[in-house]
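Structure first, commentary second.
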Amino acid sequence: MCIRALHVFTDYEALSHGAAAAIANAIIDGVRTRGHVALALAGGSTPERCYELLAAAHREEVPWEKVHFFWGDERMVPPDDPSSNTAMARRTLLAHVPVPGTNVHPVDTTADDTPEAAATAYADTLTAFFDGPPLFDLVLLGLGTDGHTASLFPEDAPHEAPGDVWVTGGQAPPRHTPRGRVSLTLPTINRARQVFFLVSGAEKADVLAAVRGQTDLSLPATHVAPEDALHWYVDAAAAGE
């Protein structure tokens with residue numbers, strides 16, 4: 001049964017500190033229990049400060065050489081593009097901690113110009129690493145004002161996707177740019193041991209309430225239910241306080 005917990009912090013900075021500490025502890029516990037940790041990173045702007053704090057305040061305590069990094073979603077842009085989730089993670093976290101290059105598994109957005117082909121290749125990467133269906137120790141997610149998470153959008157009804165498809169590729173709705181996207185599917189996310197949502201800002205208050213209350217099942221984030229625990233790390237503005 002999935003444990004669900006809400007953690008509310010006074011502001012974005014406090015949220016980032018709290019999430020960074022929780023992620024560090026999850027990695028340490030996972031390495032102690034299983035020998036290594038598979039972590040799927042979130043993109044967007046909300047996790048940036050959290051990643052900076054992981055690389056600074058928690059650099060010495062986390063066994064980085066035992067952590068394998070993946071991405072929950074990626075934009076179909078070059079890996080050094082400012083809108084690339086990989087570029088953001090490298091700039092804020094990976095460039096500052098002793099992670100072996102072989103432990104970093106980004107989506108390849110350069111081999112082919114179609115999201116569908118990139119998704120197929122990333123699914124192969126996951127299958128090879130996990131020797132079967134993906135089983136992440138921890139997936140980090142954000143929440144859009146339209147209820148999307150990773151690059152799973154309401155228009156695509158991702159909760160109706162086949163259970164044996166691990167990665168999907170396609171076009172985001174016109175309100176989102178860049179439009180070409182690759183994303184883990186809900187079945188992949190829900191196979192994870194734990195999921196941490198990081199949510200900040202008053203503009204997210206209504207959708208956060210709808211997702212947590214499950215009042216609108218068209219919102220993709222409503223369908224996130226990992227194996228063990230779902231944690232919401234939010235600031236007071238997003239919580240409506």
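Residues in the structure tokens are named by chain (A, B, ... in the order shown) and by number from 1 within that chain; ligands are numbered from 1 in the order shown.
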Within 12 Å of range 1-10 of chain A using only C-alpha atoms, minus same-chain residues under 6 positions, as an MDAnalysis selection string: chainID A and resid 16:19 22 190:201 208:209 212:213 224:241
Those same residues, written as an mmCIF file, in the first residue's frame with N, CA and C atoms?
```cif
data_model
loop_
_atom_site.group_PDB
_atom_site.id
_atom_site.type_symbol
_atom_site.label_atom_id
_atom_site.label_comp_id
_atom_site.auth_asym_id
_atom_site.auth_seq_id
_atom_site.Cartn_x
_atom_site.Cartn_y
_atom_site.Cartn_z
ATOM 1 N N SER A 16 13.315 23.688 -0.655
ATOM 2 C CA SER A 16 14.485 23.129 -1.323
ATOM 3 C C SER A 16 15.407 22.448 -0.331
ATOM 4 N N HIS A 17 15.608 23.059 0.835
ATOM 5 C CA HIS A 17 16.428 22.439 1.876
ATOM 6 C C HIS A 17 15.789 21.139 2.359
ATOM 7 N N GLY A 18 14.481 21.161 2.597
ATOM 8 C CA GLY A 18 13.807 19.965 3.092
ATOM 9 C C GLY A 18 13.834 18.827 2.086
ATOM 10 N N ALA A 19 13.601 19.150 0.829
ATOM 11 C CA ALA A 19 13.626 18.118 -0.206
ATOM 12 C C ALA A 19 15.027 17.560 -0.393
ATOM 13 N N ALA A 22 15.779 15.131 2.356
ATOM 14 C CA ALA A 22 15.019 13.891 2.199
ATOM 15 C C ALA A 22 15.591 13.032 1.076
ATOM 16 N N ASN A 190 5.011 4.446 -11.581
ATOM 17 C CA ASN A 190 4.313 3.768 -10.489
ATOM 18 C C ASN A 190 4.979 2.471 -10.048
ATOM 19 N N ARG A 191 5.941 1.978 -10.817
ATOM 20 C CA ARG A 191 6.739 0.845 -10.356
ATOM 21 C C ARG A 191 7.832 1.275 -9.382
ATOM 22 N N ALA A 192 8.093 2.574 -9.293
ATOM 23 C CA ALA A 192 9.152 3.067 -8.414
ATOM 24 C C ALA A 192 8.815 2.791 -6.952
ATOM 25 N N ARG A 193 9.869 2.669 -6.164
ATOM 26 C CA ARG A 193 9.656 2.491 -4.728
ATOM 27 C C ARG A 193 9.083 3.758 -4.098
ATOM 28 N N GLN A 194 9.653 4.914 -4.452
ATOM 29 C CA GLN A 194 9.193 6.168 -3.892
ATOM 30 C C GLN A 194 9.128 7.230 -4.985
ATOM 31 N N VAL A 195 8.193 8.167 -4.816
ATOM 32 C CA VAL A 195 8.109 9.346 -5.666
ATOM 33 C C VAL A 195 8.064 10.572 -4.766
ATOM 34 N N PHE A 196 8.881 11.568 -5.096
ATOM 35 C CA PHE A 196 8.848 12.861 -4.419
ATOM 36 C C PHE A 196 8.376 13.906 -5.427
ATOM 37 N N PHE A 197 7.259 14.565 -5.143
ATOM 38 C CA PHE A 197 6.845 15.741 -5.898
ATOM 39 C C PHE A 197 7.424 16.989 -5.234
ATOM 40 N N LEU A 198 7.967 17.905 -6.030
ATOM 41 C CA LEU A 198 8.422 19.206 -5.560
ATOM 42 C C LEU A 198 7.551 20.262 -6.221
ATOM 43 N N VAL A 199 6.827 21.040 -5.404
ATOM 44 C CA VAL A 199 5.837 21.986 -5.941
ATOM 45 C C VAL A 199 5.975 23.317 -5.217
ATOM 46 N N SER A 200 6.070 24.402 -5.986
ATOM 47 C CA SER A 200 6.258 25.724 -5.400
ATOM 48 C C SER A 200 5.411 26.758 -6.126
ATOM 49 N N GLY A 201 4.847 27.702 -5.361
ATOM 50 C CA GLY A 201 4.161 28.838 -5.956
ATOM 51 C C GLY A 201 2.656 28.814 -5.820
ATOM 52 N N LEU A 208 -2.754 21.593 -7.232
ATOM 53 C CA LEU A 208 -2.257 20.697 -6.178
ATOM 54 C C LEU A 208 -3.420 20.150 -5.355
ATOM 55 N N ALA A 209 -4.361 21.017 -5.006
ATOM 56 C CA ALA A 209 -5.532 20.565 -4.245
ATOM 57 C C ALA A 209 -6.353 19.563 -5.047
ATOM 58 N N ARG A 212 -4.258 16.157 -5.230
ATOM 59 C CA ARG A 212 -4.216 15.437 -3.958
ATOM 60 C C ARG A 212 -5.608 14.969 -3.536
ATOM 61 N N GLY A 213 -6.633 15.749 -3.889
ATOM 62 C CA GLY A 213 -8.001 15.356 -3.553
ATOM 63 C C GLY A 213 -8.614 14.413 -4.563
ATOM 64 N N VAL A 224 -0.440 9.149 -10.134
ATOM 65 C CA VAL A 224 0.860 8.711 -9.628
ATOM 66 C C VAL A 224 0.654 7.993 -8.294
ATOM 67 N N ALA A 225 1.061 6.721 -8.249
ATOM 68 C CA ALA A 225 0.892 5.897 -7.049
ATOM 69 C C ALA A 225 2.013 4.863 -7.010
ATOM 70 N N PRO A 226 3.185 5.234 -6.472
ATOM 71 C CA PRO A 226 4.326 4.305 -6.449
ATOM 72 C C PRO A 226 4.109 3.157 -5.484
ATOM 73 N N GLU A 227 5.051 2.237 -5.483
ATOM 74 C CA GLU A 227 4.914 1.022 -4.687
ATOM 75 C C GLU A 227 4.862 1.286 -3.187
ATOM 76 N N ASP A 228 5.774 2.155 -2.695
ATOM 77 C CA ASP A 228 5.915 2.303 -1.244
ATOM 78 C C ASP A 228 5.421 3.637 -0.708
ATOM 79 N N ALA A 229 5.887 4.748 -1.288
ATOM 80 C CA ALA A 229 5.593 6.044 -0.683
ATOM 81 C C ALA A 229 5.537 7.148 -1.717
ATOM 82 N N LEU A 230 4.576 8.054 -1.534
ATOM 83 C CA LEU A 230 4.421 9.249 -2.345
ATOM 84 C C LEU A 230 4.512 10.447 -1.413
ATOM 85 N N HIS A 231 5.555 11.250 -1.592
ATOM 86 C CA HIS A 231 5.788 12.406 -0.733
ATOM 87 C C HIS A 231 5.632 13.691 -1.528
ATOM 88 N N TRP A 232 4.881 14.638 -0.961
ATOM 89 C CA TRP A 232 4.713 15.959 -1.546
ATOM 90 C C TRP A 232 5.542 16.949 -0.736
ATOM 91 N N TYR A 233 6.521 17.567 -1.372
ATOM 92 C CA TYR A 233 7.317 18.627 -0.748
ATOM 93 C C TYR A 233 6.893 19.939 -1.395
ATOM 94 N N VAL A 234 6.167 20.753 -0.626
ATOM 95 C CA VAL A 234 5.548 21.953 -1.187
ATOM 96 C C VAL A 234 5.794 23.147 -0.275
ATOM 97 N N ASP A 235 5.750 24.349 -0.856
ATOM 98 C CA ASP A 235 5.840 25.526 -0.015
ATOM 99 C C ASP A 235 4.437 25.987 0.376
ATOM 100 N N ALA A 236 4.375 26.916 1.317
ATOM 101 C CA ALA A 236 3.080 27.340 1.857
ATOM 102 C C ALA A 236 2.185 27.942 0.786
ATOM 103 N N ALA A 237 2.775 28.623 -0.176
ATOM 104 C CA ALA A 237 1.965 29.232 -1.237
ATOM 105 C C ALA A 237 1.278 28.156 -2.069
ATOM 106 N N ALA A 238 1.999 27.118 -2.435
ATOM 107 C CA ALA A 238 1.398 26.023 -3.209
ATOM 108 C C ALA A 238 0.359 25.263 -2.392
ATOM 109 N N ALA A 239 0.579 25.199 -1.088
ATOM 110 C CA ALA A 239 -0.369 24.506 -0.216
ATOM 111 C C ALA A 239 -1.613 25.338 0.066
ATOM 112 N N GLY A 240 -1.632 26.588 -0.421
ATOM 113 C CA GLY A 240 -2.781 27.451 -0.199
ATOM 114 C C GLY A 240 -2.820 28.062 1.174
ATOM 115 N N GLU A 241 -1.667 28.124 1.817
ATOM 116 C CA GLU A 241 -1.623 28.686 3.194
ATOM 117 C C GLU A 241 -1.165 30.128 3.176
#
```
Determine, counting only C-alpha atoms, which protein, DNA and RNA residues have an atom within 10 Å of an atom of Ser83 in chain A; residues of the same chain fewer than 4 positions away are not included. Present the result as a PDB file with N, CA and C atoms, in the first residue's frame.
```pdb
ATOM      1  N   GLY A  43      12.860  17.748 -14.219  1.00  0.00           N
ATOM      2  CA  GLY A  43      13.346  18.937 -14.897  1.00  0.00           C
ATOM      3  C   GLY A  43      12.578  20.161 -14.440  1.00  0.00           C
ATOM      4  N   GLY A  44      12.628  21.210 -15.246  1.00  0.00           N
ATOM      5  CA  GLY A  44      11.942  22.441 -14.894  1.00  0.00           C
ATOM      6  C   GLY A  44      12.752  23.281 -13.922  1.00  0.00           C
ATOM      7  N   SER A  45      12.143  24.334 -13.405  1.00  0.00           N
ATOM      8  CA  SER A  45      12.869  25.269 -12.543  1.00  0.00           C
ATOM      9  C   SER A  45      12.774  24.941 -11.059  1.00  0.00           C
ATOM     10  N   GLU A  74      12.536  14.579 -20.864  1.00  0.00           N
ATOM     11  CA  GLU A  74      13.515  15.430 -21.532  1.00  0.00           C
ATOM     12  C   GLU A  74      12.866  16.109 -22.728  1.00  0.00           C
ATOM     13  N   ARG A  75      13.408  17.276 -23.064  1.00  0.00           N
ATOM     14  CA  ARG A  75      12.969  18.009 -24.244  1.00  0.00           C
ATOM     15  C   ARG A  75      13.878  17.645 -25.412  1.00  0.00           C
ATOM     16  N   MET A  76      13.332  17.646 -26.601  1.00  0.00           N
ATOM     17  CA  MET A  76      14.110  17.268 -27.785  1.00  0.00           C
ATOM     18  C   MET A  76      14.924  18.467 -28.267  1.00  0.00           C
ATOM     19  N   VAL A  77      15.950  18.773 -27.491  1.00  0.00           N
ATOM     20  CA  VAL A  77      16.877  19.863 -27.784  1.00  0.00           C
ATOM     21  C   VAL A  77      18.291  19.336 -27.566  1.00  0.00           C
ATOM     22  N   PRO A  78      19.307  20.006 -28.091  1.00  0.00           N
ATOM     23  CA  PRO A  78      20.682  19.565 -27.829  1.00  0.00           C
ATOM     24  C   PRO A  78      20.969  19.534 -26.326  1.00  0.00           C
ATOM     25  N   PRO A  79      21.866  18.666 -25.883  1.00  0.00           N
ATOM     26  CA  PRO A  79      22.114  18.497 -24.447  1.00  0.00           C
ATOM     27  C   PRO A  79      22.710  19.721 -23.764  1.00  0.00           C
ATOM     28  N   ALA A  87      20.966  19.416 -19.182  1.00  0.00           N
ATOM     29  CA  ALA A  87      21.877  20.543 -18.970  1.00  0.00           C
ATOM     30  C   ALA A  87      21.672  21.166 -17.598  1.00  0.00           C
ATOM     31  N   MET A  88      20.413  21.321 -17.196  1.00  0.00           N
ATOM     32  CA  MET A  88      20.132  21.907 -15.878  1.00  0.00           C
ATOM     33  C   MET A  88      20.693  21.042 -14.761  1.00  0.00           C
ATOM     34  N   THR A 177       6.628  24.748 -24.527  1.00  0.00           N
ATOM     35  CA  THR A 177       7.780  24.721 -25.433  1.00  0.00           C
ATOM     36  C   THR A 177       9.025  24.333 -24.657  1.00  0.00           C
ATOM     37  N   PRO A 178       9.977  23.660 -25.307  1.00  0.00           N
ATOM     38  CA  PRO A 178       9.890  23.043 -26.638  1.00  0.00           C
ATOM     39  C   PRO A 178       8.819  21.944 -26.652  1.00  0.00           C
TER      40      PRO A 178
END
```
Here is a test: counting only C-alpha atoms, which residue of A:Ala210, A:Thr46, A:Asp146, A:Arg181 is nearest to Asp108 in chain A? A:Arg181
Mind the document's chain letters and residue numbers, and return as a PyMOL selection string the residues of range 72-231 of chain A that DSSP labels alpha helix (DSSP H). chain A and resi 85-92+115-130+186-190+205-213
Determine which residues of range 116-188 of chain A DSSP labels as strand (DSSP E) from the backbone of this structure, then write them out as a count of residues only. 14
When you count only C-alpha atoms, which of these residues is closest to Ala26 in chain A: A:Leu54, A:Ile189, A:Leu138, A:Asp112?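 Among A:Leu54, A:Ile189, A:Leu138, A:Asp112, it is A:Leu138 that comes nearest to Ala26 in chain A.
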Excluding same-chain residues fewer than 6 positions from range 169-176 of chain A, what lies within 8 Å of it counting only C-alpha atoms, as a VMD selection string? chain A and resid 114 to 119 151 153 155 182 to 183
Keeping only C-alpha atoms, take the residues you just selected and write them out as a JSON list (two decimals), in the first residue's frame.
```
[["chain", "number", "residue", "atom", "x", "y", "z"],
["A", 114, "THR", "CA", 11.99, 12.29, -33.51],
["A", 115, "PRO", "CA", 10.76, 11.96, -29.92],
["A", 116, "GLU", "CA", 9.38, 8.52, -30.69],
["A", 117, "ALA", "CA", 12.79, 7.17, -31.74],
["A", 118, "ALA", "CA", 14.46, 8.75, -28.70],
["A", 119, "ALA", "CA", 11.83, 7.17, -26.45],
["A", 151, "SER", "CA", 5.96, 15.25, -19.91],
["A", 153, "PHE", "CA", -0.21, 15.90, -20.42],
["A", 155, "GLU", "CA", -4.72, 15.78, -23.61],
["A", 182, "VAL", "CA", 10.38, 12.12, -24.12],
["A", 183, "SER", "CA", 8.91, 10.92, -20.83]]
```
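Counting only C-alpha atoms, Ala57 in chain A has the following residues at most 12 Å away, ignoring those fewer than 6 positions along the same chain: A:Ser16, A:His17, A:Gly18, A:Ala20, A:Ala21, A:Ala24, A:Arg49, A:Cys50, A:Tyr51, A:Leu93, A:His96, A:Val97.
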Expected file: the selected residues, C-alpha atoms, as a PDB file, in the first residue's frame:
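Written file, part.pdb:
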```pdb
ATOM      1  CA  SER A  16      14.485  23.129  -1.323  1.00  0.00           C
ATOM      2  CA  HIS A  17      16.428  22.439   1.876  1.00  0.00           C
ATOM      3  CA  GLY A  18      13.807  19.965   3.092  1.00  0.00           C
ATOM      4  CA  ALA A  20      17.418  17.958  -0.544  1.00  0.00           C
ATOM      5  CA  ALA A  21      17.742  16.444   2.937  1.00  0.00           C
ATOM      6  CA  ALA A  24      20.009  12.532   0.508  1.00  0.00           C
ATOM      7  CA  ARG A  49      17.821  25.001  -5.842  1.00  0.00           C
ATOM      8  CA  CYS A  50      17.303  21.521  -4.391  1.00  0.00           C
ATOM      9  CA  TYR A  51      19.974  20.152  -6.725  1.00  0.00           C
ATOM     10  CA  LEU A  93      24.280  18.997  -9.428  1.00  0.00           C
ATOM     11  CA  HIS A  96      29.764  19.295  -8.530  1.00  0.00           C
ATOM     12  CA  VAL A  97      29.638  15.781  -7.089  1.00  0.00           C
TER      13      VAL A  97
END
```
Can you measure CA of Phe70 in chain A to CA of Ala205 in chain A for me? One decimal in Å is fine.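 Computing it gives 28.4 Å between the two atoms.
Proximity ranking of A:Thr125, A:Ala157, A:Leu41, A:Phe130 relative to Gly142 in chain A places A:Leu41 first, based on only C-alpha atoms.
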Nearest residue to Leu143 in chain A from the set A:Ala202, A:Leu126, A:Ala221, A:Ala38 (distances using only C-alpha atoms): A:Ala221
Looking at only C-alpha atoms, which of A:Gly180, A:Thr188, A:Gly147, A:Thr33 is the one that sits closest to Asp113 in chain A? A:Gly180
Looking at A:Ala111, A:Leu135, A:Ala128, A:Ala56, which one is nearest to Pro98 in chain A, with distances taken over only C-alpha atoms? A:Ala56
Could you produce a table of the residues of range 78-163 of chain A lying within 7 Å of range 61-69 of chain A, with the nearest pair of atoms per residue and their separation in Å rounded to one decimal, using only C-alpha atoms, ordered by chain and increasing residue number, as JSON lines?
```
{"residue": "A:Val97", "atom": "CA", "partner": "A:Trp64", "partner_atom": "CA", "distance": 7.0}
{"residue": "A:Pro98", "atom": "CA", "partner": "A:Trp64", "partner_atom": "CA", "distance": 6.0}
{"residue": "A:Val99", "atom": "CA", "partner": "A:Glu65", "partner_atom": "CA", "distance": 5.2}
{"residue": "A:Pro100", "atom": "CA", "partner": "A:Glu65", "partner_atom": "CA", "distance": 6.2}
{"residue": "A:Asn103", "atom": "CA", "partner": "A:His68", "partner_atom": "CA", "distance": 4.6}
{"residue": "A:Val104", "atom": "CA", "partner": "A:Phe69", "partner_atom": "CA", "distance": 4.9}
{"residue": "A:His105", "atom": "CA", "partner": "A:Phe69", "partner_atom": "CA", "distance": 5.9}
```
Please measure the separation of CA of Gly101 in chain A and CA of Trp166 in chain A, giving the value in Å to one decimal.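 Straight-line distance from CA of Gly101 in chain A to CA of Trp166 in chain A works out to 23.6 Å.
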